[in-house]
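Notes to accompany the following structure.
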Amino acid sequence: MGSPRAAGVRATDLLLPAALATWLVALHGVHSPALDDWGLLSALPVAFYLALALLALSTVVVLFSPAPSRLRLALHLVALIVMLHGTVPLIFPETNFPWAYKHMGVAGNINLRGGANSTIDIYQNWPGFFAAAAWFDHIAGVSSPLSYAKWAPVYFNLLFCLELAFILRQLRLSSRQRWLALFISVGGNWVGQDYFAPQALALVLSLAAYGMMLAWFQADRPPAVLRWVARIGRRIVGARADATSAPAVVATGDAGRLAGADRVFGLVLVFAVFSVVVVTHQLSPYLVFVGLALAAAAGFVRPRWIVAGLTAVTIAYLVPHLAYLHRSQNLAGSPLNPRDVLNALSNPLDNLRSGGFGGNPRPGRAITSKGAPLLIVGLWALAGCGALRRFRARRPMLLMVLLAGSPLLLAFGQNYGGEAIFRIYLFSLPWVSALAACALVGDGVRWPRVRSVATGVVLAGVLTLFLATFYGSVELYRVRPGSVAASEYFYAHARPGSVLGLGAPNFPGRVAANYDEFQTGSVPPTLTTLPAFVGHQLGPGDVTALNAVYQAHVAATSGSVYLCLGADQDEYAHALGFFPEGSLAHLDQALAVSPRWRVVYRNRDAVIYQFLPSGGTAP
Amino acid sequence: MSPEAVALRRVDLAGALATFALLAMVAAGTGGLARILLALVFVTFLPGWALLGHWQVVPELSRVAIAVAASLAASVMVALAMAWLRSWHPLFVFYILGVVTLLALGWRAARPPRQGHRHSPPPDAAAPGGE
């Protein structure tokens, strides 16, 4: 994407090694730091932020050098990914997303049972990622993904960038615009969909599917009606028509349209990769085919039957699984029922609402949580400027605008447990990043100093908001080794059919391969969801109410009823304002002397109590 | 031999060596970080590269992206086939895929290079910086 080989060494080349060295020095000695409501932000030394600033400065210097070196830019991009996503796994011993552990359990279950069982849960109905992870464990010689899962964000972000670079080559962007789009997308990807999860793999493959479609099946010219509309629009906004402007034709991409056996092979690849997306993640294929359908309808992708074929693959997989989705209440209504479809179409704003964490967040958490909306609005605004700028300069932009906007159609589907807005942002990010880069770097070479300063400011802003959003919420996702050990203990020692209640939801549950033996009981609600427990310091006075809650679940549970409390849960509940600091530790002390509770496991991070029901002794 | 052909041959050779090393480690039951990393490279890249590495309608960098997608897709398909058929023989299937990959990469690294390149360079390839 630039000069193929690096020029000689320059003084500014010292910036990158200096940034990396500063980063390593900054992280030296930072191990499992104590976290407050500012997350990791307050726990990292100033040198960490200095390292990121040096890297951003170096990136801008290389990007705006007369002939940007591809090698240097690639090294900067890798360094950015490693610094942003490698910091957490370097300083914490365990994988830091509680919900990643249930994914490990599913992979382990496939290994244990020798196959996928679609009656167990939704994961085993879309088992692509889990089956691959189970297979990988055998090849890698590990007993579970625990040994490598914490590095998944680094791995997946590297792959995102590779596939995004492939896409960007198909969009008739300058080399600087493409590289800048990559940096913006890395900084803008705060969504946390890159951990050990099916959606991370699905995103990599979705980007590849987009790239292949645009490389091989992109029309040479948009349809006449679009060109006519564009001409009218340009007159309205007063577009310049200087000699340097290129005609508004669509790029033909890497290789142009395929023919003969190559075309057949290309089609096989597109369908194969897309089919894997379909069996890997419930939502991703819809986001891909909605984008491609819009592109095809607008005449950017030909032939249109390919998109129809991809749609058929998606529906063919969905239909046999609809019954399960209804049974497990994973689907609000049926896509085959006109009334349900109308309901879904009538509440797009509801579907865009994020579930959030609830509670009454403490000041640090309240401030850092503003980072995400600021980043979303900021990048979309910048992308809007980029689209307008390209439109006025008679450069192709409609395809990018369509694809950036297409994920919004998901809002007419369903809320997806409050996650729809995140998927919409994630799937719009590649195109938004490309358009945002166009706002900062044009096709000409005018005002390079102004552009480099503006780019530096934007990069610094994006990284600052990323840190606020991602690092500022680490206390909500942290998992201590003791919590993992407690979870493993429960699945290894509890009677099948037993259930485990929690003080707060951030517990690495279902980590074990035999989690399917613990699916039938009635799980007591998490204490953060019960108004009777929220908002005050927990202690002996809450034990009676807790007994009543747990007693209600005994009859419907064939095994025993357990409660797990721990430091992670205490930290989470405090940061979000559910309980005062140390509430769960106080509750632990109260339960320790209660005759209705018996400690079955304790380590420095977590404790598991068995509830002893009234009218008999638990087994 | 063109610089591109030399680079392709080096990638093929390195891929063949990595596949061989992984096959040997799996057969010997050796564990550790090296095996995890080799397994990651294999699952992420090598079968796809063995299939597409020399598909000349696509430029090199894009070929890497497509090879990664093809490798990951192949890994998921293979694993899913075992999981759905409830015929879970992960190492046996790995040996088959590994040997096929090794043979493809090794054969390509050993054979004389083919001349010619069928794709056109991307629009900005001749303009460093692209502007």
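Each chain in the structure tokens gets a letter, A, B and so on, in the order shown; residues start at 1 in every chain, and ligands are counted from 1 in the order they appear.
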Could you list, as a list in words, the residues of chain A having an atom within 6 Å of chain B when counting only C-alpha atoms?
Gly2, Ser3, Ala67, Pro68, Gly114, Gly115, Ala116, Gly128, Ala131, Ala132, Trp135, Ala140, Gly141, Leu162, Glu163, Phe166, Ser174, Ser175, Arg176, Leu205, Asp254, Ala255, Val273, Val276 and Asp443 of chain A
Find the residues near Ala56 of chain A: any atom within 12 Å, counting only C-alpha atoms, skip ones fewer than 3 places away on the same chain, and give them as a ChimeraX atom specification.
/A:15-16,18-20,49-53,59-63,73,76-77,79-80,83,180,183-184,187,452-453,455-464
Output for the residues just chosen: N, CA and C atoms as an mmCIF file, in the first residue's frame:
```cif
data_model
loop_
_atom_site.group_PDB
_atom_site.id
_atom_site.type_symbol
_atom_site.label_atom_id
_atom_site.label_comp_id
_atom_site.auth_asym_id
_atom_site.auth_seq_id
_atom_site.Cartn_x
_atom_site.Cartn_y
_atom_site.Cartn_z
ATOM 1 N N LEU A 15 11.524 6.668 17.030
ATOM 2 C CA LEU A 15 10.316 6.881 17.821
ATOM 3 C C LEU A 15 9.610 5.559 18.150
ATOM 4 N N LEU A 16 9.533 4.672 17.146
ATOM 5 C CA LEU A 16 8.816 3.407 17.380
ATOM 6 C C LEU A 16 9.513 2.540 18.429
ATOM 7 N N ALA A 18 11.466 3.555 20.671
ATOM 8 C CA ALA A 18 11.365 4.279 21.948
ATOM 9 C C ALA A 18 9.992 4.053 22.571
ATOM 10 N N ALA A 19 8.956 4.064 21.726
ATOM 11 C CA ALA A 19 7.603 3.837 22.244
ATOM 12 C C ALA A 19 7.484 2.438 22.840
ATOM 13 N N LEU A 20 8.006 1.446 22.119
ATOM 14 C CA LEU A 20 7.914 0.068 22.602
ATOM 15 C C LEU A 20 8.709 -0.131 23.895
ATOM 16 N N TYR A 49 1.213 5.949 29.084
ATOM 17 C CA TYR A 49 0.550 6.931 28.217
ATOM 18 C C TYR A 49 1.575 7.640 27.336
ATOM 19 N N LEU A 50 2.768 7.844 27.897
ATOM 20 C CA LEU A 50 3.846 8.446 27.102
ATOM 21 C C LEU A 50 4.189 7.539 25.920
ATOM 22 N N ALA A 51 4.224 6.232 26.166
ATOM 23 C CA ALA A 51 4.536 5.277 25.098
ATOM 24 C C ALA A 51 3.502 5.355 23.978
ATOM 25 N N LEU A 52 2.245 5.438 24.351
ATOM 26 C CA LEU A 52 1.190 5.535 23.329
ATOM 27 C C LEU A 52 1.294 6.853 22.560
ATOM 28 N N ALA A 53 1.618 7.936 23.278
ATOM 29 C CA ALA A 53 1.762 9.233 22.616
ATOM 30 C C ALA A 53 2.916 9.191 21.620
ATOM 31 N N THR A 59 3.550 7.404 14.216
ATOM 32 C CA THR A 59 2.635 6.997 13.141
ATOM 33 C C THR A 59 2.360 8.160 12.200
ATOM 34 N N VAL A 60 2.087 9.323 12.780
ATOM 35 C CA VAL A 60 1.779 10.493 11.944
ATOM 36 C C VAL A 60 3.005 10.890 11.125
ATOM 37 N N VAL A 61 4.186 10.833 11.753
ATOM 38 C CA VAL A 61 5.413 11.199 11.028
ATOM 39 C C VAL A 61 5.611 10.277 9.826
ATOM 40 N N VAL A 62 5.457 8.982 10.029
ATOM 41 C CA VAL A 62 5.658 8.030 8.925
ATOM 42 C C VAL A 62 4.560 8.187 7.871
ATOM 43 N N LEU A 63 3.343 8.379 8.340
ATOM 44 C CA LEU A 63 2.206 8.473 7.420
ATOM 45 C C LEU A 63 2.336 9.666 6.491
ATOM 46 N N LEU A 73 4.856 1.357 8.305
ATOM 47 C CA LEU A 73 3.463 1.522 8.728
ATOM 48 C C LEU A 73 2.906 0.221 9.304
ATOM 49 N N HIS A 76 4.128 -0.166 12.765
ATOM 50 C CA HIS A 76 3.399 0.720 13.682
ATOM 51 C C HIS A 76 2.021 0.156 14.025
ATOM 52 N N LEU A 77 1.377 -0.408 13.007
ATOM 53 C CA LEU A 77 0.033 -0.955 13.234
ATOM 54 C C LEU A 77 0.089 -2.145 14.192
ATOM 55 N N ALA A 79 2.432 -2.705 16.344
ATOM 56 C CA ALA A 79 2.796 -2.187 17.675
ATOM 57 C C ALA A 79 1.573 -1.614 18.381
ATOM 58 N N LEU A 80 0.719 -0.911 17.628
ATOM 59 C CA LEU A 80 -0.481 -0.331 18.247
ATOM 60 C C LEU A 80 -1.397 -1.433 18.783
ATOM 61 N N MET A 83 0.212 -2.994 21.857
ATOM 62 C CA MET A 83 0.178 -2.122 23.042
ATOM 63 C C MET A 83 -1.245 -1.989 23.597
ATOM 64 N N LEU A 180 -4.401 5.040 7.203
ATOM 65 C CA LEU A 180 -5.029 5.807 8.283
ATOM 66 C C LEU A 180 -6.330 5.126 8.724
ATOM 67 N N PHE A 183 -5.492 2.423 11.153
ATOM 68 C CA PHE A 183 -5.174 2.918 12.501
ATOM 69 C C PHE A 183 -6.442 3.376 13.223
ATOM 70 N N ILE A 184 -7.323 4.059 12.488
ATOM 71 C CA ILE A 184 -8.563 4.528 13.121
ATOM 72 C C ILE A 184 -9.421 3.346 13.557
ATOM 73 N N GLY A 187 -8.064 1.874 16.786
ATOM 74 C CA GLY A 187 -8.381 2.737 17.931
ATOM 75 C C GLY A 187 -9.875 2.812 18.203
ATOM 76 N N SER A 452 -1.387 16.729 8.773
ATOM 77 C CA SER A 452 -0.700 15.852 9.726
ATOM 78 C C SER A 452 -1.074 16.231 11.155
ATOM 79 N N VAL A 453 -1.190 17.550 11.410
ATOM 80 C CA VAL A 453 -1.580 17.970 12.764
ATOM 81 C C VAL A 453 -3.004 17.494 13.062
ATOM 82 N N THR A 455 -4.590 15.011 11.727
ATOM 83 C CA THR A 455 -4.577 13.550 11.881
ATOM 84 C C THR A 455 -4.050 13.156 13.255
ATOM 85 N N GLY A 456 -2.979 13.837 13.684
ATOM 86 C CA GLY A 456 -2.422 13.560 15.003
ATOM 87 C C GLY A 456 -3.440 13.819 16.101
ATOM 88 N N VAL A 457 -4.166 14.929 15.980
ATOM 89 C CA VAL A 457 -5.169 15.266 17.000
ATOM 90 C C VAL A 457 -6.273 14.212 17.022
ATOM 91 N N VAL A 458 -6.729 13.819 15.830
ATOM 92 C CA VAL A 458 -7.802 12.820 15.772
ATOM 93 C C VAL A 458 -7.327 11.476 16.321
ATOM 94 N N LEU A 459 -6.122 11.051 15.921
ATOM 95 C CA LEU A 459 -5.597 9.773 16.438
ATOM 96 C C LEU A 459 -5.486 9.809 17.956
ATOM 97 N N ALA A 460 -4.965 10.945 18.472
ATOM 98 C CA ALA A 460 -4.838 11.069 19.929
ATOM 99 C C ALA A 460 -6.216 11.010 20.580
ATOM 100 N N GLY A 461 -7.191 11.671 19.957
ATOM 101 C CA GLY A 461 -8.556 11.655 20.503
ATOM 102 C C GLY A 461 -9.149 10.261 20.493
ATOM 103 N N VAL A 462 -8.970 9.559 19.380
ATOM 104 C CA VAL A 462 -9.516 8.201 19.263
ATOM 105 C C VAL A 462 -8.878 7.290 20.315
ATOM 106 N N LEU A 463 -7.550 7.397 20.457
ATOM 107 C CA LEU A 463 -6.872 6.533 21.431
ATOM 108 C C LEU A 463 -7.285 6.881 22.855
ATOM 109 N N THR A 464 -7.449 8.169 23.131
ATOM 110 C CA THR A 464 -7.872 8.580 24.477
ATOM 111 C C THR A 464 -9.245 8.003 24.808
#
```
So what do you get for atom CA of Ala387 of chain A versus atom CA of Val191 of chain A, distance-wise?
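Straight-line distance from atom CA of Ala387 of chain A to atom CA of Val191 of chain A works out to 23.7 Å.
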Compile the contact shell of Tyr477 of chain A as a PyMOL selection string: residues with an atom at most 12 Å away, counting only C-alpha atoms, same-chain residues fewer than 3 positions apart removed.
chain A and resi 35+39-40+88+92+94-101+192+195+357+470-474+480+504-508+568-569+571-573+575
Report as an MDAnalysis selection string: the residues of segment 424-558 of chain A with a DSSP assignment of helix (DSSP H, G or I), based on the backbone of this structure.
chainID A and resid 424:440 448:477 481:493 515:518 527:529 540:551
Could you save the residues just selected, with C-alpha atoms, as an mmCIF file, in the first residue's frame?
```
data_model
loop_
_atom_site.group_PDB
_atom_site.id
_atom_site.type_symbol
_atom_site.label_atom_id
_atom_site.label_comp_id
_atom_site.auth_asym_id
_atom_site.auth_seq_id
_atom_site.Cartn_x
_atom_site.Cartn_y
_atom_site.Cartn_z
ATOM 1 C CA ILE A 424 -24.078 -2.247 14.422
ATOM 2 C CA TYR A 425 -21.112 -0.108 15.390
ATOM 3 C CA LEU A 426 -18.633 -2.952 14.904
ATOM 4 C CA PHE A 427 -19.856 -3.825 11.416
ATOM 5 C CA SER A 428 -19.996 -0.196 10.363
ATOM 6 C CA LEU A 429 -16.506 0.500 11.708
ATOM 7 C CA PRO A 430 -14.516 -0.636 8.629
ATOM 8 C CA TRP A 431 -16.429 1.686 6.337
ATOM 9 C CA VAL A 432 -16.694 4.470 8.895
ATOM 10 C CA SER A 433 -12.927 4.297 9.396
ATOM 11 C CA ALA A 434 -12.350 4.521 5.657
ATOM 12 C CA LEU A 435 -14.617 7.543 5.316
ATOM 13 C CA ALA A 436 -13.115 9.165 8.424
ATOM 14 C CA ALA A 437 -9.654 8.734 6.904
ATOM 15 C CA CYS A 438 -10.936 10.475 3.779
ATOM 16 C CA ALA A 439 -11.989 13.427 5.927
ATOM 17 C CA LEU A 440 -8.432 13.803 7.184
ATOM 18 C CA PRO A 448 0.389 18.474 4.479
ATOM 19 C CA ARG A 449 1.318 20.133 7.771
ATOM 20 C CA VAL A 450 -2.270 21.034 8.594
ATOM 21 C CA ARG A 451 -3.385 17.532 7.664
ATOM 22 C CA SER A 452 -0.700 15.852 9.726
ATOM 23 C CA VAL A 453 -1.580 17.970 12.764
ATOM 24 C CA ALA A 454 -5.295 17.261 12.301
ATOM 25 C CA THR A 455 -4.577 13.550 11.881
ATOM 26 C CA GLY A 456 -2.422 13.560 15.003
ATOM 27 C CA VAL A 457 -5.169 15.266 17.000
ATOM 28 C CA VAL A 458 -7.802 12.820 15.772
ATOM 29 C CA LEU A 459 -5.597 9.773 16.438
ATOM 30 C CA ALA A 460 -4.838 11.069 19.929
ATOM 31 C CA GLY A 461 -8.556 11.655 20.503
ATOM 32 C CA VAL A 462 -9.516 8.201 19.263
ATOM 33 C CA LEU A 463 -6.872 6.533 21.431
ATOM 34 C CA THR A 464 -7.872 8.580 24.477
ATOM 35 C CA LEU A 465 -11.511 7.575 24.088
ATOM 36 C CA PHE A 466 -10.495 3.968 23.460
ATOM 37 C CA LEU A 467 -8.514 3.944 26.701
ATOM 38 C CA ALA A 468 -11.368 5.549 28.611
ATOM 39 C CA THR A 469 -13.863 3.061 27.246
ATOM 40 C CA PHE A 470 -11.837 -0.128 27.196
ATOM 41 C CA TYR A 471 -9.272 0.293 29.965
ATOM 42 C CA GLY A 472 -11.707 2.338 32.031
ATOM 43 C CA SER A 473 -13.982 -0.658 32.405
ATOM 44 C CA VAL A 474 -11.439 -3.388 33.123
ATOM 45 C CA GLU A 475 -12.683 -3.645 36.713
ATOM 46 C CA LEU A 476 -15.992 -4.908 35.302
ATOM 47 C CA TYR A 477 -14.368 -7.671 33.275
ATOM 48 C CA PRO A 481 -7.323 -16.857 39.293
ATOM 49 C CA GLY A 482 -9.221 -17.748 42.444
ATOM 50 C CA SER A 483 -12.553 -17.182 40.721
ATOM 51 C CA VAL A 484 -11.562 -19.554 37.938
ATOM 52 C CA ALA A 485 -10.414 -22.114 40.500
ATOM 53 C CA ALA A 486 -13.721 -21.781 42.355
ATOM 54 C CA SER A 487 -15.671 -22.299 39.155
ATOM 55 C CA GLU A 488 -13.618 -25.371 38.291
ATOM 56 C CA TYR A 489 -14.114 -26.713 41.805
ATOM 57 C CA PHE A 490 -17.882 -26.372 41.554
ATOM 58 C CA TYR A 491 -18.123 -28.323 38.309
ATOM 59 C CA ALA A 492 -15.687 -30.958 39.543
ATOM 60 C CA HIS A 493 -17.327 -31.573 42.930
ATOM 61 C CA TYR A 515 -21.321 -27.881 32.330
ATOM 62 C CA ASP A 516 -24.172 -29.630 30.547
ATOM 63 C CA GLU A 517 -24.778 -31.662 33.726
ATOM 64 C CA PHE A 518 -25.762 -28.477 35.553
ATOM 65 C CA LEU A 527 -27.958 -10.334 44.148
ATOM 66 C CA THR A 528 -27.326 -7.194 42.071
ATOM 67 C CA THR A 529 -30.706 -7.778 40.409
ATOM 68 C CA PRO A 540 -26.001 -10.278 58.939
ATOM 69 C CA GLY A 541 -29.296 -8.434 58.480
ATOM 70 C CA ASP A 542 -29.571 -9.729 54.908
ATOM 71 C CA VAL A 543 -29.109 -13.402 55.662
ATOM 72 C CA THR A 544 -32.777 -14.102 56.389
ATOM 73 C CA ALA A 545 -33.864 -12.521 53.105
ATOM 74 C CA LEU A 546 -31.134 -14.424 51.283
ATOM 75 C CA ASN A 547 -32.281 -17.679 52.841
ATOM 76 C CA ALA A 548 -35.797 -17.031 51.564
ATOM 77 C CA VAL A 549 -34.521 -16.358 48.046
ATOM 78 C CA TYR A 550 -32.445 -19.529 47.965
ATOM 79 C CA GLN A 551 -35.079 -21.685 49.648
#
```
For atom CA of Asn514 of chain A and atom CA of Leu500 of chain A, quote the distance in Å rounded to one decimal.
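Spanning atom CA of Asn514 of chain A to atom CA of Leu500 of chain A is a straight-line distance of 14.3 Å.
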